[in-house]
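**Q** Just dropping this structure here.
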Amino acid sequence: MKSLNLSFDSILPKEIESYSGHLVLTTQKESPKKCEKILLYEDVLEHHPTVLRGIMMHKLNLSFEEENLVLGIDPGQRMGLFIFYYGMEIERSVHNSIEELVLHVIKILGGLQAKRKILKIGDGNMHVAKQIVKMLNLKYCSSFELEFVDERKTNMKIKNFNQRGKRDMLSAKYISQREGYRHSILPLSITG
């Protein structure tokens, strides 16, 4: 929970029913037979923190405007990634290799449920963008929507140039909020 920057209370199993919080993380063995609280079990901790954050949001059933998972990628030497789930930011990060980025994106796409999964990639470095899409298509076995987005004017001037990838992450955020020409990507297992 600390890695998610979430505050939490430690309680005993007998206190679960009377706990005033909204969500309880427990074990199958210690959970009450009948409980009106939303329960998550310890096996959920095996997921990546971003997926865990998304699962918690989904379980809490917050009033969401859209049921989309949107990933924005700023391709380049350093690749910024920005993820919106149900309209809320759940991750911003920077990746130094295409393979590392693709494996991370696969964890997110595979770990979270959404009506639409949309990957938006900036068109500033189409060579890297096409490598990302090709590798995703080879390694991810489900369909998703892809948009190549005009990334002009997404690079903001930040003091100290690109301190810890802030500019790349902000560019990815702006890319995730723009519209591009949408393609449906079907896995190779379907298309052959």
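Chain lettering (A, B, ...) mirrors the order of the structure tokens, residue numbering begins at 1 for each chain separately, and ligand numbering begins at 1 in order of display.
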Report as a PyMOL selection string: the residues of range 3-158 of chain A with a DSSP assignment of helix (DSSP H, G or I), based on the backbone of this structure.

**A** chain A and resi 3-4+13-15+42-46+49-60+98-111+126-139

**Q** With C-alpha atoms retained, export the selected residues as an mmCIF file, in the first residue's frame.

**A**
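Result written to result32.cif:
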data_model
loop_
_atom_site.group_PDB
_atom_site.id
_atom_site.type_symbol
_atom_site.label_atom_id
_atom_site.label_comp_id
_atom_site.auth_asym_id
_atom_site.auth_seq_id
_atom_site.Cartn_x
_atom_site.Cartn_y
_atom_site.Cartn_z
ATOM 1 C CA SER A 3 4.119 1.880 -2.916
ATOM 2 C CA LEU A 4 0.714 3.159 -4.063
ATOM 3 C CA PRO A 13 -10.084 -9.965 11.274
ATOM 4 C CA LYS A 14 -12.860 -9.600 13.870
ATOM 5 C CA GLU A 15 -12.932 -5.830 13.186
ATOM 6 C CA GLU A 42 -3.816 -11.016 -0.750
ATOM 7 C CA ASP A 43 -3.313 -12.625 -4.183
ATOM 8 C CA VAL A 44 -4.151 -9.230 -5.712
ATOM 9 C CA LEU A 45 -0.759 -8.019 -4.444
ATOM 10 C CA GLU A 46 0.933 -10.126 -7.131
ATOM 11 C CA PRO A 49 1.064 -1.455 -8.581
ATOM 12 C CA THR A 50 -0.652 0.297 -11.528
ATOM 13 C CA VAL A 51 -2.898 -2.712 -12.135
ATOM 14 C CA LEU A 52 -3.586 -2.932 -8.393
ATOM 15 C CA ARG A 53 -4.584 0.750 -8.333
ATOM 16 C CA GLY A 54 -6.950 0.125 -11.270
ATOM 17 C CA ILE A 55 -8.476 -2.966 -9.631
ATOM 18 C CA MET A 56 -9.111 -0.987 -6.460
ATOM 19 C CA MET A 57 -10.795 1.814 -8.435
ATOM 20 C CA HIS A 58 -12.938 -0.711 -10.266
ATOM 21 C CA LYS A 59 -13.969 -2.479 -7.044
ATOM 22 C CA LEU A 60 -14.871 0.788 -5.349
ATOM 23 C CA ILE A 98 11.097 -0.556 -26.377
ATOM 24 C CA GLU A 99 11.010 -4.078 -24.970
ATOM 25 C CA GLU A 100 10.711 -2.836 -21.378
ATOM 26 C CA LEU A 101 7.897 -0.475 -22.410
ATOM 27 C CA VAL A 102 6.015 -3.155 -24.362
ATOM 28 C CA LEU A 103 6.224 -5.690 -21.526
ATOM 29 C CA HIS A 104 4.935 -3.057 -19.121
ATOM 30 C CA VAL A 105 2.070 -2.078 -21.461
ATOM 31 C CA ILE A 106 1.127 -5.765 -21.806
ATOM 32 C CA LYS A 107 0.875 -6.082 -17.995
ATOM 33 C CA ILE A 108 -1.471 -3.089 -17.927
ATOM 34 C CA LEU A 109 -3.608 -4.117 -20.927
ATOM 35 C CA GLY A 110 -3.897 -7.682 -19.637
ATOM 36 C CA GLY A 111 -4.465 -6.784 -15.998
ATOM 37 C CA MET A 126 7.326 6.764 -36.430
ATOM 38 C CA HIS A 127 10.225 4.294 -36.574
ATOM 39 C CA VAL A 128 10.035 3.728 -32.802
ATOM 40 C CA ALA A 129 6.211 3.922 -32.842
ATOM 41 C CA LYS A 130 5.986 1.148 -35.445
ATOM 42 C CA GLN A 131 8.461 -0.997 -33.497
ATOM 43 C CA ILE A 132 6.264 -0.649 -30.397
ATOM 44 C CA VAL A 133 3.142 -1.653 -32.326
ATOM 45 C CA LYS A 134 4.871 -4.580 -34.036
ATOM 46 C CA MET A 135 6.230 -5.954 -30.763
ATOM 47 C CA LEU A 136 2.859 -5.476 -29.028
ATOM 48 C CA ASN A 137 1.103 -7.304 -31.847
ATOM 49 C CA LEU A 138 3.520 -10.214 -31.522
ATOM 50 C CA LYS A 139 3.406 -10.491 -27.711
#

**Q** For Leu146 in chain A, work out the shell of residues within 10 Å, counting only C-alpha atoms and skipping chain neighbours fewer than 5 positions away, then give it as a PyMOL selection string.

**A** chain A and resi 70-71+117-121+133+180-185

**Q** Taking 3 positions as the minimum chain separation for residues in the same chain, which residues sit within 7 Å of Gly72 in chain A when counting only C-alpha atoms? Answer as an mmCIF file with C-alpha atoms, in the first residue's frame.

**A**
data_model
loop_
_atom_site.group_PDB
_atom_site.id
_atom_site.type_symbol
_atom_site.label_atom_id
_atom_site.label_comp_id
_atom_site.auth_asym_id
_atom_site.auth_seq_id
_atom_site.Cartn_x
_atom_site.Cartn_y
_atom_site.Cartn_z
ATOM 1 C CA LEU A 81 3.945 6.654 -20.801
ATOM 2 C CA PHE A 82 0.759 8.096 -19.337
ATOM 3 C CA ILE A 83 -2.212 5.919 -18.368
ATOM 4 C CA LEU A 119 -3.239 2.944 -27.221
ATOM 5 C CA LYS A 120 -2.310 6.418 -28.509
ATOM 6 C CA ILE A 121 1.201 6.855 -29.846
ATOM 7 C CA ALA A 172 2.610 11.293 -23.272
ATOM 8 C CA LYS A 173 -0.219 12.852 -21.248
ATOM 9 C CA ILE A 175 -0.811 12.553 -26.617
ATOM 10 C CA SER A 176 -3.297 10.442 -24.608
#

**Q** Which distance in Å separates CA of Gly76 in chain A and CA of Gln113 in chain A, to one decimal?

**A**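 It comes out at 28.3 Å.
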
**Q** Could you tell me, as a count of residues only, which residues of range 36-152 of chain A DSSP assigns to strand (DSSP E or B) when given the backbone?

**A** 39

**Q** Between CA of Lys29 in chain A and CA of Leu6 in chain A, what is the distance, to one decimal in Å?

**A**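 Interatomic distance here is 24.3 Å.
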
**Q** Of the candidates A:Asp168, A:Asp150, A:Glu179, A:Glu66, which one gets nearest to Arg92 in chain A if we count only C-alpha atoms?

**A**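 Once distances to Arg92 in chain A are computed over only C-alpha atoms, the minimum belongs to A:Asp168.
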